[in-house]
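S.K.: So here's upload_31.cif, just mmCIF, C-alpha atoms and all ligand atoms:
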```cif
data_coords
loop_
_atom_site.group_PDB
_atom_site.id
_atom_site.type_symbol
_atom_site.label_atom_id
_atom_site.label_comp_id
_atom_site.auth_asym_id
_atom_site.auth_seq_id
_atom_site.Cartn_x
_atom_site.Cartn_y
_atom_site.Cartn_z
ATOM 1 C CA MET N 950 77.792 37.842 30.974
ATOM 2 C CA ARG N 951 80.309 36.334 33.446
ATOM 3 C CA GLY N 952 83.301 37.124 31.182
ATOM 4 C CA LEU N 953 82.188 40.738 30.951
ATOM 5 C CA PHE N 954 83.784 41.563 34.319
ATOM 6 C CA ASP N 955 86.778 39.232 33.960
ATOM 7 C CA LEU N 956 90.149 41.031 34.137
ATOM 8 C CA THR N 957 92.279 37.922 33.628
ATOM 9 C CA GLY N 958 95.340 38.814 31.545
ATOM 10 C CA LYS N 959 95.042 42.540 32.243
ATOM 11 C CA VAL N 960 97.755 44.564 34.000
ATOM 12 C CA ALA N 961 96.476 47.226 36.388
ATOM 13 C CA LEU N 962 98.523 50.069 37.890
ATOM 14 C CA VAL N 963 96.906 51.708 40.923
ATOM 15 C CA THR N 964 98.701 54.765 42.260
ATOM 16 C CA GLY N 965 98.750 55.352 46.002
ATOM 17 C CA SER N 966 97.730 51.747 46.657
ATOM 18 C CA SER N 967 99.878 50.717 49.618
ATOM 19 C CA ARG N 968 96.950 51.434 51.957
ATOM 20 C CA GLY N 969 93.464 52.900 52.240
ATOM 21 C CA LEU N 970 91.062 53.108 49.328
ATOM 22 C CA GLY N 971 93.876 52.564 46.825
ATOM 23 C CA LYS N 972 94.722 49.189 48.300
ATOM 24 C CA SER N 973 91.047 48.178 48.256
ATOM 25 C CA LEU N 974 90.678 49.314 44.655
ATOM 26 C CA ALA N 975 93.691 47.184 43.731
ATOM 27 C CA GLU N 976 92.345 44.229 45.702
ATOM 28 C CA GLY N 977 89.052 44.391 43.807
ATOM 29 C CA LEU N 978 90.852 44.450 40.463
ATOM 30 C CA GLY N 979 93.048 41.544 41.555
ATOM 31 C CA GLU N 980 90.057 39.505 42.700
ATOM 32 C CA ALA N 981 88.646 39.983 39.169
ATOM 33 C CA GLY N 982 91.840 38.510 37.711
ATOM 34 C CA ALA N 983 94.064 41.504 37.021
ATOM 35 C CA THR N 984 97.815 41.433 37.609
ATOM 36 C CA LEU N 985 98.402 44.256 40.082
ATOM 37 C CA ILE N 986 101.089 46.896 40.158
ATOM 38 C CA LEU N 987 100.855 48.713 43.461
ATOM 39 C CA ASN N 988 102.463 52.103 43.913
ATOM 40 C CA GLY N 989 103.561 54.192 46.825
ATOM 41 C CA THR N 990 106.460 56.228 48.147
ATOM 42 C CA ASN N 991 107.118 54.344 51.414
ATOM 43 C CA PRO N 992 109.012 51.073 50.776
ATOM 44 C CA ASP N 993 107.841 49.413 53.997
ATOM 45 C CA ASN N 994 104.150 50.214 53.427
ATOM 46 C CA LEU N 995 104.369 49.147 49.782
ATOM 47 C CA ASN N 996 106.116 45.871 50.508
ATOM 48 C CA ARG N 997 103.610 45.142 53.272
ATOM 49 C CA ALA N 998 100.691 45.730 50.911
ATOM 50 C CA VAL N 999 102.213 43.550 48.174
ATOM 51 C CA SER N 1000 102.849 40.739 50.659
ATOM 52 C CA ASP N 1001 99.306 41.039 52.021
ATOM 53 C CA LEU N 1002 97.681 40.800 48.586
ATOM 54 C CA ARG N 1003 99.990 37.976 47.517
ATOM 55 C CA ALA N 1004 99.017 36.113 50.696
ATOM 56 C CA ARG N 1005 95.412 36.358 49.476
ATOM 57 C CA GLY N 1006 96.431 34.673 46.216
ATOM 58 C CA LEU N 1007 96.572 37.807 44.092
ATOM 59 C CA ALA N 1008 99.292 38.570 41.522
ATOM 60 C CA ALA N 1009 100.926 41.755 42.825
ATOM 61 C CA GLN N 1010 104.154 43.693 42.646
ATOM 62 C CA GLY N 1011 105.149 47.120 43.918
ATOM 63 C CA VAL N 1012 106.787 50.058 42.136
ATOM 64 C CA LEU N 1013 108.013 53.042 44.118
ATOM 65 C CA PHE N 1014 107.511 56.500 42.621
ATOM 66 C CA ASP N 1015 106.119 59.855 43.687
ATOM 67 C CA VAL N 1016 103.220 60.804 41.398
ATOM 68 C CA THR N 1017 104.088 64.499 41.779
ATOM 69 C CA GLN N 1018 107.455 63.954 40.081
ATOM 70 C CA PRO N 1019 107.252 63.265 36.291
ATOM 71 C CA ASP N 1020 110.827 61.921 36.173
ATOM 72 C CA GLN N 1021 110.102 59.428 38.970
ATOM 73 C CA ILE N 1022 106.944 58.357 37.139
ATOM 74 C CA ARG N 1023 108.981 57.744 33.965
ATOM 75 C CA ALA N 1024 111.491 55.665 35.872
ATOM 76 C CA GLY N 1025 108.691 53.694 37.532
ATOM 77 C CA LEU N 1026 106.977 53.008 34.210
ATOM 78 C CA ASP N 1027 110.303 51.907 32.709
ATOM 79 C CA GLU N 1028 110.663 49.469 35.623
ATOM 80 C CA ILE N 1029 107.148 48.127 34.983
ATOM 81 C CA CYS N 1030 107.923 47.640 31.282
ATOM 82 C CA LYS N 1031 110.705 45.219 32.237
ATOM 83 C CA ASP N 1032 108.037 42.777 33.435
ATOM 84 C CA HIS N 1033 104.952 43.695 31.421
ATOM 85 C CA ASP N 1034 104.212 44.522 27.772
ATOM 86 C CA ALA N 1035 101.397 46.882 28.668
ATOM 87 C CA ILE N 1036 99.484 48.718 31.365
ATOM 88 C CA ASP N 1037 95.877 47.951 30.457
ATOM 89 C CA ILE N 1038 94.212 49.672 33.412
ATOM 90 C CA LEU N 1039 95.373 52.842 35.175
ATOM 91 C CA VAL N 1040 93.694 53.924 38.403
ATOM 92 C CA ASN N 1041 94.837 57.407 39.436
ATOM 93 C CA ASN N 1042 94.100 57.232 43.147
ATOM 94 C CA ALA N 1043 97.074 58.817 44.920
ATOM 95 C CA GLY N 1044 96.217 62.033 46.750
ATOM 96 C CA ILE N 1045 96.425 63.928 50.004
ATOM 97 C CA GLN N 1046 94.182 66.064 52.168
ATOM 98 C CA ILE N 1047 95.068 69.282 53.992
ATOM 99 C CA ARG N 1048 92.368 71.213 55.797
ATOM 100 C CA HIS N 1049 92.453 74.941 56.666
ATOM 101 C CA PRO N 1050 89.862 77.719 56.489
ATOM 102 C CA ALA N 1051 90.336 79.280 53.022
ATOM 103 C CA ILE N 1052 91.113 82.693 54.502
ATOM 104 C CA GLU N 1053 94.209 81.259 56.169
ATOM 105 C CA PHE N 1054 95.108 78.434 53.771
ATOM 106 C CA PRO N 1055 98.917 78.606 53.378
ATOM 107 C CA PHE N 1056 100.002 79.204 49.775
ATOM 108 C CA GLU N 1057 102.530 76.383 49.974
ATOM 109 C CA ASP N 1058 99.837 73.966 51.175
ATOM 110 C CA TRP N 1059 97.575 75.071 48.322
ATOM 111 C CA ASP N 1060 100.316 74.446 45.752
ATOM 112 C CA ARG N 1061 101.140 71.081 47.326
ATOM 113 C CA MET N 1062 97.484 69.992 47.207
ATOM 114 C CA ILE N 1063 96.935 70.977 43.564
ATOM 115 C CA ARG N 1064 100.125 69.183 42.521
ATOM 116 C CA ALA N 1065 99.351 66.043 44.536
ATOM 117 C CA ASP N 1066 95.614 65.735 43.815
ATOM 118 C CA LEU N 1067 95.278 67.147 40.294
ATOM 119 C CA SER N 1068 98.536 67.680 38.403
ATOM 120 C CA SER N 1069 99.789 64.231 39.401
ATOM 121 C CA ILE N 1070 96.914 62.611 37.499
ATOM 122 C CA PHE N 1071 97.988 64.434 34.357
ATOM 123 C CA TYR N 1072 101.659 63.569 34.946
ATOM 124 C CA VAL N 1073 100.907 59.833 35.234
ATOM 125 C CA SER N 1074 98.196 59.609 32.545
ATOM 126 C CA ARG N 1075 100.258 61.613 30.042
ATOM 127 C CA GLN N 1076 102.999 58.987 30.329
ATOM 128 C CA VAL N 1077 100.818 55.873 30.407
ATOM 129 C CA ALA N 1078 98.462 56.902 27.589
ATOM 130 C CA PRO N 1079 100.946 56.567 24.667
ATOM 131 C CA GLY N 1080 101.077 52.789 25.132
ATOM 132 C CA MET N 1081 97.308 52.586 25.321
ATOM 133 C CA ILE N 1082 96.996 54.761 22.197
ATOM 134 C CA GLU N 1083 99.462 52.537 20.340
ATOM 135 C CA ARG N 1084 97.485 49.424 21.306
ATOM 136 C CA ARG N 1085 94.158 51.229 20.772
ATOM 137 C CA SER N 1086 92.992 49.900 24.095
ATOM 138 C CA GLY N 1087 93.014 51.148 27.675
ATOM 139 C CA LYS N 1088 91.007 51.987 30.784
ATOM 140 C CA ILE N 1089 91.791 55.062 32.846
ATOM 141 C CA ILE N 1090 89.918 55.574 36.103
ATOM 142 C CA ASN N 1091 90.480 58.817 38.005
ATOM 143 C CA ILE N 1092 89.470 59.001 41.659
ATOM 144 C CA CYS N 1093 87.353 62.100 42.054
ATOM 145 C CA SER N 1094 85.229 62.904 45.101
ATOM 146 C CA LEU N 1095 81.753 64.020 46.004
ATOM 147 C CA LEU N 1096 83.681 67.265 46.401
ATOM 148 C CA SER N 1097 84.084 67.262 42.640
ATOM 149 C CA GLU N 1098 80.463 68.469 42.711
ATOM 150 C CA VAL N 1099 79.935 70.355 45.975
ATOM 151 C CA ALA N 1100 82.031 72.098 48.618
ATOM 152 C CA ARG N 1101 82.336 72.303 52.345
ATOM 153 C CA PRO N 1102 84.381 74.588 54.604
ATOM 154 C CA THR N 1103 88.135 74.022 55.177
ATOM 155 C CA VAL N 1104 88.857 71.887 52.103
ATOM 156 C CA SER N 1105 89.074 74.514 49.342
ATOM 157 C CA ALA N 1106 92.272 73.145 47.768
ATOM 158 C CA TYR N 1107 91.008 69.550 47.802
ATOM 159 C CA THR N 1108 87.673 70.629 46.330
ATOM 160 C CA ALA N 1109 89.298 72.726 43.607
ATOM 161 C CA ALA N 1110 91.623 69.845 42.747
ATOM 162 C CA LYS N 1111 88.845 67.265 42.668
ATOM 163 C CA GLY N 1112 86.701 69.581 40.559
ATOM 164 C CA GLY N 1113 89.629 69.706 38.191
ATOM 165 C CA VAL N 1114 89.954 65.931 38.189
ATOM 166 C CA LYS N 1115 86.322 65.686 37.067
ATOM 167 C CA LEU N 1116 86.923 67.861 34.003
ATOM 168 C CA LEU N 1117 90.390 66.428 33.333
ATOM 169 C CA THR N 1118 88.663 63.031 33.182
ATOM 170 C CA LYS N 1119 86.259 64.371 30.570
ATOM 171 C CA SER N 1120 89.139 65.959 28.644
ATOM 172 C CA MET N 1121 90.969 62.641 28.523
ATOM 173 C CA ALA N 1122 87.743 60.893 27.471
ATOM 174 C CA VAL N 1123 87.272 63.328 24.600
ATOM 175 C CA GLU N 1124 90.879 63.306 23.367
ATOM 176 C CA TRP N 1125 91.685 59.626 23.838
ATOM 177 C CA GLY N 1126 88.249 58.128 23.120
ATOM 178 C CA PRO N 1127 89.020 57.934 19.378
ATOM 179 C CA CYS N 1128 91.884 55.564 20.333
ATOM 180 C CA ASN N 1129 89.445 53.279 22.180
ATOM 181 C CA ILE N 1130 90.568 54.431 25.601
ATOM 182 C CA GLN N 1131 87.710 54.730 28.068
ATOM 183 C CA CYS N 1132 88.421 57.318 30.754
ATOM 184 C CA ASN N 1133 86.006 57.642 33.649
ATOM 185 C CA GLY N 1134 85.953 58.744 37.263
ATOM 186 C CA ILE N 1135 84.881 57.289 40.572
ATOM 187 C CA GLY N 1136 83.637 59.821 43.118
ATOM 188 C CA PRO N 1137 83.635 58.389 46.637
ATOM 189 C CA GLY N 1138 81.408 59.900 49.271
ATOM 190 C CA TYR N 1139 82.497 59.831 52.905
ATOM 191 C CA PHE N 1140 84.536 56.670 53.459
ATOM 192 C CA ASP N 1141 86.008 55.143 56.599
ATOM 193 C CA THR N 1142 89.705 55.740 55.869
ATOM 194 C CA GLU N 1143 92.749 57.059 57.737
ATOM 195 C CA MET N 1144 92.480 60.317 55.736
ATOM 196 C CA ASN N 1145 89.091 60.827 57.361
ATOM 197 C CA ARG N 1146 90.022 59.626 60.843
ATOM 198 C CA ALA N 1147 89.693 63.113 62.343
ATOM 199 C CA LEU N 1148 86.206 63.430 60.839
ATOM 200 C CA ILE N 1149 85.067 59.988 61.944
ATOM 201 C CA ASP N 1150 86.293 60.632 65.473
ATOM 202 C CA ASN N 1151 84.362 63.918 65.554
ATOM 203 C CA PRO N 1152 80.917 62.970 66.935
ATOM 204 C CA GLU N 1153 79.154 65.886 65.278
ATOM 205 C CA PHE N 1154 80.693 65.297 61.842
ATOM 206 C CA ASN N 1155 80.137 61.555 62.132
ATOM 207 C CA ALA N 1156 76.458 62.116 62.990
ATOM 208 C CA TRP N 1157 76.111 64.594 60.117
ATOM 209 C CA VAL N 1158 77.513 62.135 57.567
ATOM 210 C CA CYS N 1159 75.192 59.361 58.760
ATOM 211 C CA LYS N 1160 72.186 61.708 58.670
ATOM 212 C CA ARG N 1161 73.084 63.380 55.354
ATOM 213 C CA THR N 1162 73.827 60.089 53.575
ATOM 214 C CA PRO N 1163 70.550 58.331 52.576
ATOM 215 C CA LEU N 1164 72.124 54.914 53.246
ATOM 216 C CA GLY N 1165 72.883 56.207 56.734
ATOM 217 C CA ARG N 1166 76.508 55.093 56.991
ATOM 218 C CA TRP N 1167 80.096 55.853 55.965
ATOM 219 C CA GLY N 1168 81.376 54.025 52.912
ATOM 220 C CA GLU N 1169 83.657 51.048 53.461
ATOM 221 C CA PRO N 1170 86.631 50.444 51.109
ATOM 222 C CA LYS N 1171 85.001 47.213 49.861
ATOM 223 C CA ASP N 1172 82.136 49.345 48.521
ATOM 224 C CA LEU N 1173 84.463 50.564 45.749
ATOM 225 C CA LYS N 1174 85.459 47.128 44.446
ATOM 226 C CA GLY N 1175 82.440 46.554 42.191
ATOM 227 C CA PRO N 1176 82.498 50.035 40.632
ATOM 228 C CA VAL N 1177 86.222 49.886 39.834
ATOM 229 C CA VAL N 1178 85.925 46.411 38.290
ATOM 230 C CA PHE N 1179 83.000 47.640 36.201
ATOM 231 C CA LEU N 1180 84.943 50.646 34.864
ATOM 232 C CA ALA N 1181 88.090 48.539 34.330
ATOM 233 C CA SER N 1182 86.287 45.770 32.420
ATOM 234 C CA SER N 1183 84.601 45.149 29.085
ATOM 235 C CA ALA N 1184 81.310 45.805 30.859
ATOM 236 C CA SER N 1185 82.009 49.545 30.448
ATOM 237 C CA ASP N 1186 83.382 49.614 26.881
ATOM 238 C CA TYR N 1187 80.818 52.247 25.868
ATOM 239 C CA VAL N 1188 81.104 54.276 29.083
ATOM 240 C CA ASN N 1189 83.435 57.243 28.583
ATOM 241 C CA GLY N 1190 83.746 60.553 30.424
ATOM 242 C CA HIS N 1191 81.406 59.443 33.205
ATOM 243 C CA ILE N 1192 81.904 60.161 36.900
ATOM 244 C CA LEU N 1193 80.383 57.324 38.954
ATOM 245 C CA TYR N 1194 79.556 58.584 42.464
ATOM 246 C CA ILE N 1195 79.749 55.980 45.212
ATOM 247 C CA ASP N 1196 78.289 58.088 47.987
ATOM 248 C CA GLY N 1197 75.309 56.237 49.448
ATOM 249 C CA GLY N 1198 73.045 58.738 47.726
ATOM 250 C CA LEU N 1199 74.479 61.816 49.443
ATOM 251 C CA LEU N 1200 74.585 63.874 46.242
ATOM 252 C CA ALA N 1201 71.059 62.725 45.331
ATOM 253 C CA GLY N 1202 69.382 64.827 48.007
ATOM 254 C CA ILE N 1203 69.538 68.157 49.832
HETATM 255 C C1 LIG F 1301 86.673 66.037 53.887
HETATM 256 C C2 LIG F 1301 86.968 64.626 53.465
HETATM 257 C C3 LIG F 1301 86.502 64.379 52.033
HETATM 258 C C4 LIG F 1301 86.386 62.890 51.796
HETATM 259 C C5 LIG F 1301 86.076 62.485 50.391
HETATM 260 C C6 LIG F 1301 84.727 62.916 49.973
HETATM 261 O O1 LIG F 1301 87.508 66.645 54.564
HETATM 262 O O2 LIG F 1301 85.565 66.503 53.538
HETATM 263 O O3 LIG F 1301 88.348 64.328 53.573
HETATM 264 O O4 LIG F 1301 87.418 65.005 51.180
HETATM 265 O O5 LIG F 1301 87.543 62.249 52.136
HETATM 266 O O6 LIG F 1301 87.041 62.947 49.502
HETATM 267 O O7 LIG F 1301 84.516 62.470 48.652
#
```
Hey, can you dump this file as structure tokens for me?
M.R.:
Amino acid sequence: MRGLFDLTGKVALVTGSSRGLGKSLAEGLGEAGATLILNGTNPDNLNRAVSDLRARGLAAQGVLFDVTQPDQIRAGLDEICKDHDAIDILVNNAGIQIRHPAIEFPFEDWDRMIRADLSSIFYVSRQVAPGMIERRSGKIINICSLLSEVARPTVSAYTAAKGGVKLLTKSMAVEWGPCNIQCNGIGPGYFDTEMNRALIDNPEFNAWVCKRTPLGRWGEPKDLKGPVVFLASSASDYVNGHILYIDGGLLAGI
């Protein structure tokens, strides 16, 4: 049973992992033995994250590319291939949040959100999957959201994108399952991250989250480590097309 969750010898690419949930996801994979490839677009943040994880004894390197730019992704993957024969685990985490009432949501912000939070996952997965198909082995984990299932005011673009990520995950599972690639999603609830700082600092929203979430608290980045290791490991070899919600039970109730 112990070896079931062991990622020793596996190479894991986590997009948007220089900070926040992405960095915690990578840390969890590294603590399970994976060799980590962190990704970001800010050299200073990326180097800082790599140094931090290395200081904790984890095998980590950083590759700069913007997940909204297919050519940059290609160049980043080519750089990775200089050091590694394969990417065994892909965590599509990179994303942004822009909040406006739908009736006044700027078109350019909408387009930016869909590209950053949905299209980017296709751009990266479409270029990583061929190697996994050739090896007939791979784990793809797409970061969805509780907003892949329900909506709230002011985040229409994010919600539409994350709804798309849910079904893109299932599409990948269906098309690439025959090549022994397991593609699943993780749907975080409300987590204590910089993206949510404005919400956490809002006493009413903070109180609502704690009341609406059966576990009565915001998620902490460490709460995602076990789920991502599970979906990245042999423990989930017959799990495919599943969205695992890590939301303290929020979606379980009304
Ligand atoms: C918001 C939040 C959410 C959370 C998370 C929920 O404005 O409602 O930013 O999007 O961050 O994605 O799963």
S.K.: Select, counting all atoms listed in the file, all protein, DNA and RNA residues no farther than 7 Å from (99.8, 45.0, 38.0) in file coordinates, and express the selection as a ChimeraX atom specification.
M.R.: /N:960-962,983-987,1009-1010
S.K.: Expand the PyMOL selection byres (((not hetatm)) within 6 of (chain F and resi 1301)) into the explicit residue set it covers here, and present it as a ChimeraX atom specification.
M.R.: /N:1094-1096,1104,1137-1139,1145
S.K.: Tell me which protein, DNA and RNA residues are within 6 Å of range 1161-1172 of chain N, counting only C-alpha atoms, leaving out same-chain ones fewer than 2 positions away, and put them as a PyMOL selection string.
M.R.: chain N and resi 970+973+1139-1141+1157-1159+1174+1197-1199
S.K.: Once you have the residues from the selection above, write them out as a short mmCIF file (atom, residue, chain, number, x, y, z; two decimals), in the frame of the given file, restricted to C-alpha atoms.
M.R.:
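And here's selection_1.cif as it stands now:
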```
data_model
loop_
_atom_site.label_atom_id
_atom_site.label_comp_id
_atom_site.auth_asym_id
_atom_site.auth_seq_id
_atom_site.Cartn_x
_atom_site.Cartn_y
_atom_site.Cartn_z
CA LEU N 970 91.06 53.11 49.33
CA SER N 973 91.05 48.18 48.26
CA TYR N 1139 82.50 59.83 52.90
CA PHE N 1140 84.54 56.67 53.46
CA ASP N 1141 86.01 55.14 56.60
CA TRP N 1157 76.11 64.59 60.12
CA VAL N 1158 77.51 62.14 57.57
CA CYS N 1159 75.19 59.36 58.76
CA LYS N 1174 85.46 47.13 44.45
CA GLY N 1197 75.31 56.24 49.45
CA GLY N 1198 73.04 58.74 47.73
CA LEU N 1199 74.48 61.82 49.44
#
```
S.K.: Taking only C-alpha atoms into account, which of N:Lys1119, N:Arg968, N:Arg1003, N:Arg1023 comes nearest Met1144 in chain N?
M.R.: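 Looking at the shortest contact to Met1144 in chain N, the residue is N:Arg968.
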S.K.: For Val1178 in chain N, which of N:Leu1067, N:Ile1045, N:Leu956, N:Ile1052 is the closest residue, counting only C-alpha atoms?
M.R.: N:Leu956
S.K.: Figure out the distance between CA of Ala1156 in chain N and CA of Ile1203 in chain N, please, to one decimal in Å.
M.R.: 16.0 Å
S.K.: Convert the output of the PyMOL selection byres (((chain N and resi 1013) around 12) and not hetatm) on the shown file into explicit residues, formatted as a JSON list (two decimals) with C-alpha atoms, keeping the file's coordinate frame.
M.R.:
```json
[["chain", "number", "residue", "atom", "x", "y", "z"],
["N", 962, "LEU", "CA", 98.52, 50.07, 37.89],
["N", 963, "VAL", "CA", 96.91, 51.71, 40.92],
["N", 964, "THR", "CA", 98.70, 54.76, 42.26],
["N", 965, "GLY", "CA", 98.75, 55.35, 46.00],
["N", 966, "SER", "CA", 97.73, 51.75, 46.66],
["N", 967, "SER", "CA", 99.88, 50.72, 49.62],
["N", 986, "ILE", "CA", 101.09, 46.90, 40.16],
["N", 987, "LEU", "CA", 100.86, 48.71, 43.46],
["N", 988, "ASN", "CA", 102.46, 52.10, 43.91],
["N", 989, "GLY", "CA", 103.56, 54.19, 46.82],
["N", 990, "THR", "CA", 106.46, 56.23, 48.15],
["N", 991, "ASN", "CA", 107.12, 54.34, 51.41],
["N", 992, "PRO", "CA", 109.01, 51.07, 50.78],
["N", 993, "ASP", "CA", 107.84, 49.41, 54.00],
["N", 994, "ASN", "CA", 104.15, 50.21, 53.43],
["N", 995, "LEU", "CA", 104.37, 49.15, 49.78],
["N", 996, "ASN", "CA", 106.12, 45.87, 50.51],
["N", 999, "VAL", "CA", 102.21, 43.55, 48.17],
["N", 1010, "GLN", "CA", 104.15, 43.69, 42.65],
["N", 1011, "GLY", "CA", 105.15, 47.12, 43.92],
["N", 1012, "VAL", "CA", 106.79, 50.06, 42.14],
["N", 1014, "PHE", "CA", 107.51, 56.50, 42.62],
["N", 1015, "ASP", "CA", 106.12, 59.86, 43.69],
["N", 1016, "VAL", "CA", 103.22, 60.80, 41.40],
["N", 1018, "GLN", "CA", 107.46, 63.95, 40.08],
["N", 1021, "GLN", "CA", 110.10, 59.43, 38.97],
["N", 1022, "ILE", "CA", 106.94, 58.36, 37.14],
["N", 1023, "ARG", "CA", 108.98, 57.74, 33.97],
["N", 1024, "ALA", "CA", 111.49, 55.66, 35.87],
["N", 1025, "GLY", "CA", 108.69, 53.69, 37.53],
["N", 1026, "LEU", "CA", 106.98, 53.01, 34.21],
["N", 1027, "ASP", "CA", 110.30, 51.91, 32.71],
["N", 1028, "GLU", "CA", 110.66, 49.47, 35.62],
["N", 1029, "ILE", "CA", 107.15, 48.13, 34.98]]
```
S.K.: I'd like to know which of N:Gly1080, N:Gly1134, N:Gly1202, N:Gly1044 is closest to Leu1173 in chain N, using all atoms listed in the file.
M.R.: N:Gly1134
S.K.: List the neighbours of Val1040 in chain N out to 9 Å using only C-alpha atoms; skip same-chain residues closer than 5 positions along the sequence, and give me the result as a tab-separated table (two decimals) with C-alpha atoms, in the frame of the given file.
M.R.:
```
chain	number	residue	atom	x	y	z
N	961	ALA	CA	96.48	47.23	36.39
N	962	LEU	CA	98.52	50.07	37.89
N	963	VAL	CA	96.91	51.71	40.92
N	964	THR	CA	98.70	54.76	42.26
N	971	GLY	CA	93.88	52.56	46.82
N	974	LEU	CA	90.68	49.31	44.66
N	975	ALA	CA	93.69	47.18	43.73
N	1088	LYS	CA	91.01	51.99	30.78
N	1089	ILE	CA	91.79	55.06	32.85
N	1090	ILE	CA	89.92	55.57	36.10
N	1091	ASN	CA	90.48	58.82	38.01
N	1092	ILE	CA	89.47	59.00	41.66
N	1177	VAL	CA	86.22	49.89	39.83
N	1181	ALA	CA	88.09	48.54	34.33
```
S.K.: Apply the PyMOL selection byres (((chain N and resi 1191) around 12) and not hetatm) to the displayed file and report the matching residues as a ChimeraX atom specification.
M.R.: /N:1089-1093,1114-1123,1131-1136,1180,1185-1190,1192-1194
S.K.: Could you work out an axis-aligned bounding box for all listed atoms of range 1157-1164 of chain N, with 6 Å added on each of the six sides, and give its centre and edge lengths in Å to one decimal, as lines of an AutoDock Vina configuration file?
M.R.:
```
center_x = 74.0
center_y = 59.8
center_z = 56.3
size_x = 19.0
size_y = 21.7
size_z = 19.5
```
S.K.: When you count all atoms listed in the file, which of these residues is closest to Phe1056 in chain N: N:Ser1000, N:Gln1076, N:Thr1142, N:Ser1105?
M.R.: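 When distances to Phe1056 in chain N are compared using all atoms listed in the file, the smallest one comes from N:Ser1105.
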S.K.: Could you tell me how far CA of Asn1042 in chain N lies from CA of Asp1060 in chain N, in Å and to one decimal?
M.R.: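 Separation of CA of Asn1042 in chain N and CA of Asp1060 in chain N: 18.5 Å.
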S.K.: Point out the residue among N:Ala1065, N:Cys1128, N:Ala1109, N:Pro1079 with the least atom-to-atom distance to Asn1041 in chain N, counting only C-alpha atoms.
M.R.: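 Between N:Ala1065, N:Cys1128, N:Ala1109, N:Pro1079, the residue approaching Asn1041 in chain N most closely is N:Ala1065.
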S.K.: Pick the closest to Pro1176 in chain N from N:Phe1054, N:Leu978, N:Lys1031, N:Tyr1107: which is it, counting all atoms listed in the file?
M.R.: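 Smallest distance to Pro1176 in chain N is found for N:Leu978.
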S.K.: Provide the CA of Ser1086 in chain N to CA of Ala1043 in chain N distance in Å, to one decimal place.
M.R.: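 Taking CA of Ser1086 in chain N as the start and CA of Ala1043 in chain N as the end point, the length is 23.0 Å.
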S.K.: Excluding Ile1082 in chain N and any residue of its chain fewer than 2 positions from it, enumerate the residues within 10 Å of it, using only C-alpha atoms, and give them as a list in words.
M.R.: Val1077, Ala1078, Pro1079, Gly1080, Arg1084, Arg1085, Ser1086, Gly1087, Trp1125, Gly1126, Pro1127, Cys1128, Asn1129 and Ile1130 of chain N
